[in-house]
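Peer 1: One structure is given below, represented as structure tokens, and several questions about it will come after.
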Amino acid sequence: MTIVGRPSVGASMLGGSIHVTPNPCRHAKAHIVHCWSGEDATAGIVAVVGAGKMGLPLAAQFATHGWSVIAVDINPEVVATINAGRSHVGDEPGLADLVSRVHAEGLLRATLDAAAAAREADVVVLIVPVMLDAEQRPDYRYMDAAVASIAPGVHAGSTVIFETTLPLGDTRQRFAPALEAASGLVADRDFFVAFSPERLFSGAVLENLAVYPKLVGGIGAASTDRAARFYASVLDAEVVAMSSSEAAEFSKLADTTYRDVNIALANEFARAADLHGIDVQEVIAAANSQPYSHIHQPGIGVGGHCIPVYPHLLLARAPGLSVVETARRVNDGQVDRALATLDPLVGGLAGTPVLVLGMTYREGVKELAYSRAIALIDALRAAGARVSAFDPLLADEEIRALGAEPWHWGEPGPFRAIVTQTADRAFAALDAAWFPDLRAVYDGRNSLRALALPEDVAYVGVGVQASTRTLAGG
Ligand SMILES: NC(=O)c1ccc[n+]([C@@H]2O[C@H](COP(=O)([O-])OP(=O)(O)OC[C@H]3O[C@@H](n4cnc5c(N)ncnc54)[C@H](O)[C@@H]3O)[C@@H](O)[C@H]2O)c1
């Protein structure tokens with residue numbers, strides 16, 4: 001069991017950390033003990049509360065290392081599916097097989113009864129969403145309910161770990177006291193409470209689990225030690241015992257806010273590039289050949305329930321961080337920028353048929369949370385445009401629910417403008433001949449640089465112009 005105080009992987013060079021070789025499993029065969037206390041080569045019972053896109057892979061991973069896993073969810077369909085040995089999470093390579101295998105081995109079951117699961121479990125991992133309300137403040141409704149639901153089952157020796165991204169200080173100040181009050185026990189003495197951020201990337205979760213250092217910070221030394229020992233027993237990645245739950249909470253907010261700010265900077269570089277007729281992607285590729293430069297890509301906006309959300313969770317406890325606030329404004333302003341660019345190219349958006357390609361927050365992941373497609377459709381409609389949309393992952397009724405008319409791949413259409421909101425590779429096969437009235441393509445992800453277009457159709461990327469789009473380096 002290796003637990004370190006600092007990640008041994010240094011700063012990434014040229015994004016090299018994205019493609020680290022997965023660590024092989026070196027765990028001795030674990031035997032299940034009654035009342036797990038962190039001994040090497042032992043396993044116990046773990047409850048994973050929130051068996052969603054992150055929770056289910058975690059549950060399966062823990063089971064492959066000998067733990068008996070209880071997945072807890074409020075959704076009866078999720079519980080029934082897991083109890084049938086199936087995964088309800090699509091597009092996650094390897095997950096369906098893993099769930100089926102560990103279920104068949106008797107190591108994975110699911111329940112709606114969180115208190116009973118917590119009572120039985122040595123470790124409880126919470127991974128239900130914390131979102132934002134309309135004023136961009138943390139919305140705790142799922143996490144508060146989850147904590148209240150496990151509280152009656154928390155017992156002497158329990159280890160409760162929060163993996164959901166939280167505002168700074170919440171593990172210690174919001175949730176540990178709630179668990180103490182409900183259990184009558186003292187945290188870090190009678191039971192253990194820690195934060196360990198979930199840092200996985202949808203679509204590569206099982207691979208990431210074997211690579212990304214697992215950061216763990218407890219509300220005290222005993223909690224850090226117990227939680228780190230748990231992860232060392234179930235993960236093949238390095239486990240990093242941090243100095244506090246706050247440091248661990250902050251590390252996740254820092255990593256994701258950095259990405260939001262970095263993208264905002266790339267978006268500003270794109271504006272400068274447009275002013276001077278320079279290809280921003282050529283510039284970024286060249287700048288990033290210096291090992292200390294890691295400039296991200298510009299685009300029509302930042303979506304998903306991580307990157308646009310976590311800067312607000314940071315700001316909730318550290319208001320007035322001006323760079324962070326500005327980055328959010330810049331990134332959310334990209335949709336308006338697209339409309340302002342398109343409007344004169346199509347002779348005004350009012351009454352104009354527009355096709356949006358890609359509705360999910362990114363290609364290949366069926367997730368609409370905080371997708372900028374929603375803001376894009378709303379803004380286009382507010383400008384009077386007639387909006388149609390296509391996403392290979394969405395059905396007609398799902399497109400309609402977002403306020404657009406479904407368009408079907410290859411169908412002729414009256415569109416005067418096309419806007420790409422994701423970089424789906426399939427869009428490269430688009431044929432301008434399907435759209436005789438087409439006047440402009442706004443390439444929101446700079447992924448259609450090579451698309452063949454008639455001379456009278458304008459191409460605009462984000463920091464990539466018609467005159468530069470055929471350049472290499474993009
Ligand atoms: N999705 C990602 O790409 C990603 C990446 C890194 C970290 N995370 C973290 O993981 C958290 C969860 O994300 P997700 O994508 O797994 O969400 P998800 O929506 O796929 O799953 C959440 C699950 O929690 C269940 N749930 C809600 N309230 C509950 C309760 N009170 N008790 C039990 N179950 C409850 C829901 O029914 C759902 O099945 C995020 O908030 C974020 O902090 C997500």
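Chain labels follow the order of the structure tokens: the first chain is A, the next B, and so on; residue numbering restarts at 1 in every chain, and ligands are counted from 1 in their shown order.
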Using only C-alpha atoms and all ligand atoms, which protein or nucleic acid residues are at most 7 Å from ligand 1, as a PyMOL selection string?
Peer 2: chain A and resi 49-55+72-75+78+127-131+142-143+145-146+149+163-165+198-202+305-306
Peer 1: Those residues you just picked out, can you put them in a file as an mmCIF file, in the first residue's frame with N, CA and C atoms?
Peer 2:
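And here's selection-v4.cif as it stands now:
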```
data_model
loop_
_atom_site.group_PDB
_atom_site.id
_atom_site.type_symbol
_atom_site.label_atom_id
_atom_site.label_comp_id
_atom_site.auth_asym_id
_atom_site.auth_seq_id
_atom_site.Cartn_x
_atom_site.Cartn_y
_atom_site.Cartn_z
ATOM 1 N N VAL A 49 -23.129 6.235 -2.501
ATOM 2 C CA VAL A 49 -24.420 6.918 -2.516
ATOM 3 C C VAL A 49 -24.468 7.845 -3.725
ATOM 4 N N GLY A 50 -25.363 7.525 -4.667
ATOM 5 C CA GLY A 50 -25.436 8.226 -5.956
ATOM 6 C C GLY A 50 -24.770 7.348 -7.002
ATOM 7 N N ALA A 51 -25.555 6.429 -7.591
ATOM 8 C CA ALA A 51 -24.976 5.455 -8.529
ATOM 9 C C ALA A 51 -25.121 5.955 -9.959
ATOM 10 N N GLY A 52 -24.664 7.181 -10.222
ATOM 11 C CA GLY A 52 -24.785 7.779 -11.544
ATOM 12 C C GLY A 52 -23.558 7.559 -12.403
ATOM 13 N N LYS A 53 -23.279 8.527 -13.271
ATOM 14 C CA LYS A 53 -22.181 8.385 -14.245
ATOM 15 C C LYS A 53 -20.829 8.207 -13.564
ATOM 16 N N MET A 54 -20.684 8.782 -12.382
ATOM 17 C CA MET A 54 -19.441 8.610 -11.639
ATOM 18 C C MET A 54 -19.562 7.513 -10.580
ATOM 19 N N GLY A 55 -20.709 7.496 -9.908
ATOM 20 C CA GLY A 55 -20.873 6.571 -8.787
ATOM 21 C C GLY A 55 -20.837 5.111 -9.215
ATOM 22 N N VAL A 72 -26.219 2.903 -3.640
ATOM 23 C CA VAL A 72 -27.452 3.492 -3.109
ATOM 24 C C VAL A 72 -27.914 4.576 -4.068
ATOM 25 N N ASP A 73 -29.193 4.551 -4.424
ATOM 26 C CA ASP A 73 -29.718 5.610 -5.288
ATOM 27 C C ASP A 73 -31.181 5.848 -4.936
ATOM 28 N N ILE A 74 -31.650 7.066 -5.253
ATOM 29 C CA ILE A 74 -33.075 7.366 -5.017
ATOM 30 C C ILE A 74 -33.922 6.963 -6.217
ATOM 31 N N ASN A 75 -33.271 6.608 -7.312
ATOM 32 C CA ASN A 75 -34.000 6.259 -8.530
ATOM 33 C C ASN A 75 -34.214 4.740 -8.586
ATOM 34 N N VAL A 78 -32.628 2.825 -11.474
ATOM 35 C CA VAL A 78 -31.180 2.642 -11.357
ATOM 36 C C VAL A 78 -30.898 1.436 -10.459
ATOM 37 N N ILE A 127 -21.501 10.641 -3.750
ATOM 38 C CA ILE A 127 -21.194 11.193 -5.077
ATOM 39 C C ILE A 127 -22.498 11.583 -5.781
ATOM 40 N N VAL A 128 -23.298 12.403 -5.083
ATOM 41 C CA VAL A 128 -24.515 12.976 -5.680
ATOM 42 C C VAL A 128 -24.223 14.436 -6.031
ATOM 43 N N PRO A 129 -24.902 14.989 -7.005
ATOM 44 C CA PRO A 129 -24.530 16.336 -7.469
ATOM 45 C C PRO A 129 -24.768 17.449 -6.446
ATOM 46 N N VAL A 130 -23.874 18.446 -6.466
ATOM 47 C CA VAL A 130 -24.136 19.772 -5.883
ATOM 48 C C VAL A 130 -24.112 20.710 -7.080
ATOM 49 N N MET A 131 -25.197 21.430 -7.261
ATOM 50 C CA MET A 131 -25.317 22.261 -8.473
ATOM 51 C C MET A 131 -25.372 23.735 -8.094
ATOM 52 N N TYR A 142 -29.552 17.866 -3.285
ATOM 53 C CA TYR A 142 -29.296 16.413 -3.355
ATOM 54 C C TYR A 142 -28.324 15.971 -2.264
ATOM 55 N N MET A 143 -27.298 16.775 -2.029
ATOM 56 C CA MET A 143 -26.309 16.354 -1.040
ATOM 57 C C MET A 143 -26.868 16.411 0.379
ATOM 58 N N ALA A 145 -29.910 15.975 1.215
ATOM 59 C CA ALA A 145 -30.816 14.828 1.353
ATOM 60 C C ALA A 145 -30.007 13.534 1.506
ATOM 61 N N ALA A 146 -28.919 13.431 0.772
ATOM 62 C CA ALA A 146 -28.100 12.208 0.859
ATOM 63 C C ALA A 146 -27.471 12.086 2.243
ATOM 64 N N SER A 149 -29.962 11.101 4.683
ATOM 65 C CA SER A 149 -30.425 9.712 4.521
ATOM 66 C C SER A 149 -29.427 8.694 5.076
ATOM 67 N N GLU A 163 -17.032 12.749 -2.352
ATOM 68 C CA GLU A 163 -16.288 12.841 -3.623
ATOM 69 C C GLU A 163 -16.858 13.949 -4.513
ATOM 70 N N THR A 164 -18.101 14.328 -4.276
ATOM 71 C CA THR A 164 -18.712 15.422 -5.043
ATOM 72 C C THR A 164 -17.929 16.708 -4.807
ATOM 73 N N THR A 165 -17.704 17.472 -5.851
ATOM 74 C CA THR A 165 -17.015 18.758 -5.705
ATOM 75 C C THR A 165 -17.829 19.671 -4.785
ATOM 76 N N GLU A 198 -13.599 13.765 -6.987
ATOM 77 C CA GLU A 198 -13.733 12.913 -8.173
ATOM 78 C C GLU A 198 -13.220 13.721 -9.345
ATOM 79 N N ARG A 199 -12.207 13.217 -10.043
ATOM 80 C CA ARG A 199 -11.554 14.023 -11.085
ATOM 81 C C ARG A 199 -11.656 13.361 -12.453
ATOM 82 N N LEU A 200 -12.594 12.419 -12.575
ATOM 83 C CA LEU A 200 -12.622 11.583 -13.777
ATOM 84 C C LEU A 200 -13.291 12.298 -14.944
ATOM 85 N N PHE A 201 -13.037 11.762 -16.137
ATOM 86 C CA PHE A 201 -13.532 12.324 -17.379
ATOM 87 C C PHE A 201 -14.511 11.314 -17.975
ATOM 88 N N SER A 202 -15.778 11.735 -18.136
ATOM 89 C CA SER A 202 -16.779 10.823 -18.707
ATOM 90 C C SER A 202 -16.262 10.224 -20.003
ATOM 91 N N HIS A 305 -21.443 19.864 -16.215
ATOM 92 C CA HIS A 305 -21.673 20.290 -14.836
ATOM 93 C C HIS A 305 -20.403 20.359 -14.009
ATOM 94 N N CYS A 306 -19.267 20.561 -14.682
ATOM 95 C CA CYS A 306 -18.029 20.760 -13.912
ATOM 96 C C CYS A 306 -17.440 22.148 -14.148
#
```
Peer 1: Considering only helix (DSSP H, G or I) as DSSP defines it on the backbone, what residues of stretch 195-437 of chain A qualify? List them as an MDAnalysis selection string.
Peer 2: chainID A and resid 205:209 221:234 245:276 280:287 310:317 322:332 334:345 372:382 396:401 425:429 432:434
Peer 1: Using C-alpha atoms, can you write the selected residues to a file as a compact mmCIF listing (two decimals), in the first residue's frame?
Peer 2:
```txt
# COMPACT_ATOMS: atom_id res chain seq x y z
CA VAL A 205 -13.51 6.80 -16.25
CA LEU A 206 -12.13 3.30 -15.72
CA GLU A 207 -8.86 4.21 -17.42
CA ASN A 208 -8.57 7.44 -15.41
CA LEU A 209 -9.12 5.55 -12.17
CA ALA A 221 -5.28 13.08 10.82
CA ALA A 222 -7.29 9.98 11.75
CA SER A 223 -9.85 10.68 9.01
CA THR A 224 -7.16 11.32 6.39
CA ASP A 225 -5.41 8.09 7.31
CA ARG A 226 -8.54 5.93 7.22
CA ALA A 227 -9.81 7.38 3.94
CA ALA A 228 -6.36 7.14 2.30
CA ARG A 229 -6.12 3.50 3.37
CA PHE A 230 -9.50 2.85 1.80
CA TYR A 231 -8.43 4.29 -1.54
CA ALA A 232 -5.08 2.54 -1.44
CA SER A 233 -7.01 -0.73 -1.13
CA VAL A 234 -9.29 -0.10 -4.12
CA SER A 245 -10.20 18.43 3.79
CA GLU A 246 -10.04 22.09 2.77
CA ALA A 247 -6.81 21.56 0.82
CA ALA A 248 -8.40 18.61 -0.99
CA GLU A 249 -11.59 20.58 -1.71
CA PHE A 250 -9.54 23.50 -3.01
CA SER A 251 -7.38 21.30 -5.25
CA LYS A 252 -10.44 20.29 -7.28
CA LEU A 253 -11.76 23.85 -7.45
CA ALA A 254 -8.29 25.06 -8.46
CA ASP A 255 -7.80 22.50 -11.22
CA THR A 256 -11.19 23.15 -12.81
CA THR A 257 -11.15 26.94 -12.36
CA TYR A 258 -7.72 26.98 -13.97
CA ARG A 259 -9.24 25.33 -17.02
CA ASP A 260 -12.11 27.82 -17.18
CA VAL A 261 -9.71 30.76 -16.91
CA ASN A 262 -7.36 29.20 -19.44
CA ILE A 263 -10.21 28.77 -21.94
CA ALA A 264 -11.31 32.38 -21.34
CA LEU A 265 -7.79 33.49 -22.16
CA ALA A 266 -7.84 31.39 -25.34
CA ASN A 267 -11.16 33.07 -26.21
CA GLU A 268 -9.58 36.49 -25.76
CA PHE A 269 -6.61 35.40 -27.87
CA ALA A 270 -9.16 34.37 -30.52
CA ARG A 271 -10.59 37.90 -30.52
CA ALA A 272 -7.14 39.36 -30.97
CA ALA A 273 -6.41 36.85 -33.74
CA ASP A 274 -9.64 37.83 -35.53
CA LEU A 275 -8.70 41.51 -35.32
CA HIS A 276 -5.44 40.79 -37.13
CA VAL A 280 -5.35 31.40 -33.24
CA GLN A 281 -4.94 27.63 -33.45
CA GLU A 282 -1.68 28.03 -35.30
CA VAL A 283 -0.57 30.47 -32.61
CA ILE A 284 -1.62 28.18 -29.73
CA ALA A 285 0.10 25.13 -31.22
CA ALA A 286 3.27 27.18 -31.67
CA ALA A 287 3.11 28.74 -28.18
CA TYR A 310 -16.90 25.01 -9.99
CA PRO A 311 -15.60 28.58 -10.37
CA HIS A 312 -18.89 29.61 -8.76
CA LEU A 313 -18.34 27.12 -5.93
CA LEU A 314 -14.93 28.73 -5.39
CA LEU A 315 -16.42 32.23 -5.54
CA ALA A 316 -19.07 31.19 -3.01
CA ARG A 317 -16.37 31.09 -0.32
CA SER A 322 -11.74 39.10 -10.35
CA VAL A 323 -9.90 36.88 -12.84
CA VAL A 324 -12.24 34.00 -12.03
CA GLU A 325 -15.33 36.19 -12.38
CA THR A 326 -14.12 37.68 -15.64
CA ALA A 327 -13.33 34.26 -17.09
CA ARG A 328 -16.88 33.11 -16.45
CA ARG A 329 -18.23 36.23 -18.13
CA VAL A 330 -15.91 35.85 -21.13
CA ASN A 331 -16.78 32.20 -21.66
CA ASP A 332 -20.52 32.72 -21.30
CA GLN A 334 -19.05 33.54 -26.51
CA VAL A 335 -22.61 32.73 -27.58
CA ASP A 336 -23.45 36.42 -28.01
CA ARG A 337 -20.22 36.87 -29.88
CA ALA A 338 -21.25 34.11 -32.30
CA LEU A 339 -24.62 35.76 -32.90
CA ALA A 340 -23.09 39.20 -33.41
CA THR A 341 -20.75 37.68 -36.01
CA LEU A 342 -23.46 35.71 -37.77
CA ASP A 343 -26.12 38.41 -37.91
CA PRO A 344 -24.61 40.55 -40.71
CA LEU A 345 -23.47 37.46 -42.63
CA ARG A 372 -24.12 26.08 -24.12
CA ALA A 373 -26.47 24.74 -26.83
CA ILE A 374 -29.32 25.72 -24.54
CA ALA A 375 -28.10 29.34 -24.25
CA LEU A 376 -27.36 29.33 -27.98
CA ILE A 377 -30.87 28.21 -28.95
CA ASP A 378 -32.44 30.69 -26.52
CA ALA A 379 -30.33 33.56 -27.90
CA LEU A 380 -31.07 32.60 -31.52
CA ARG A 381 -34.79 32.45 -30.78
CA ALA A 382 -34.63 35.78 -28.94
CA ASP A 396 -36.44 14.18 -31.83
CA GLU A 397 -38.43 14.78 -28.66
CA GLU A 398 -35.26 15.57 -26.73
CA ILE A 399 -34.33 18.20 -29.34
CA ARG A 400 -37.84 19.66 -29.25
CA ALA A 401 -37.71 19.89 -25.46
CA ARG A 425 -16.28 14.12 -36.04
CA ALA A 426 -19.41 13.10 -37.95
CA PHE A 427 -20.05 16.78 -38.82
CA ALA A 428 -17.06 16.70 -41.17
CA ALA A 429 -19.24 14.68 -43.59
CA ALA A 432 -23.32 22.03 -48.32
CA ALA A 433 -25.38 20.81 -51.30
CA TRP A 434 -28.11 19.81 -48.80
```
Peer 1: Here is a test: counting only C-alpha atoms, which residue of A:Ala204, A:Leu349, A:Ser158, A:Val4 is nearest to A:Val365?
Peer 2: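 Among A:Ala204, A:Leu349, A:Ser158, A:Val4, it is A:Ala204 that comes nearest to A:Val365.
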Peer 1: Just to confirm, what's the straight-line distance from atom CA of A:His103 to atom CA of A:Ala156 in Å (one decimal)?
Peer 2: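 Those two atoms sit 28.5 Å apart.
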Peer 1: Between A:Pro353, A:Gly5, A:Gly94, A:Pro197, which residue has the minimum interatomic distance to A:Ser243, considering only C-alpha atoms?
Peer 2: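 Ranked by minimum distance to A:Ser243, first place goes to A:Gly5.
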Peer 1: Just the number, please: distance in Å from atom CA of A:Gly410 to atom CA of A:Phe390, one decimal.
Peer 2: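 Interatomic distance here is 10.8 Å.
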Peer 1: Give me, as a ChimeraX atom specification, all polymer residues having an atom no more than 10 Å from A:Ala466, counting only C-alpha atoms and skipping those fewer than 2 positions away in the same chain.
Peer 2: /A:277,279,449,457-461,464,468-470
Peer 1: Quote the spacing between atom CA of A:His88 and atom CA of A:Ala115 in Å to one decimal place.
Peer 2: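 Rounded to one decimal, the two atoms are 23.3 Å apart.
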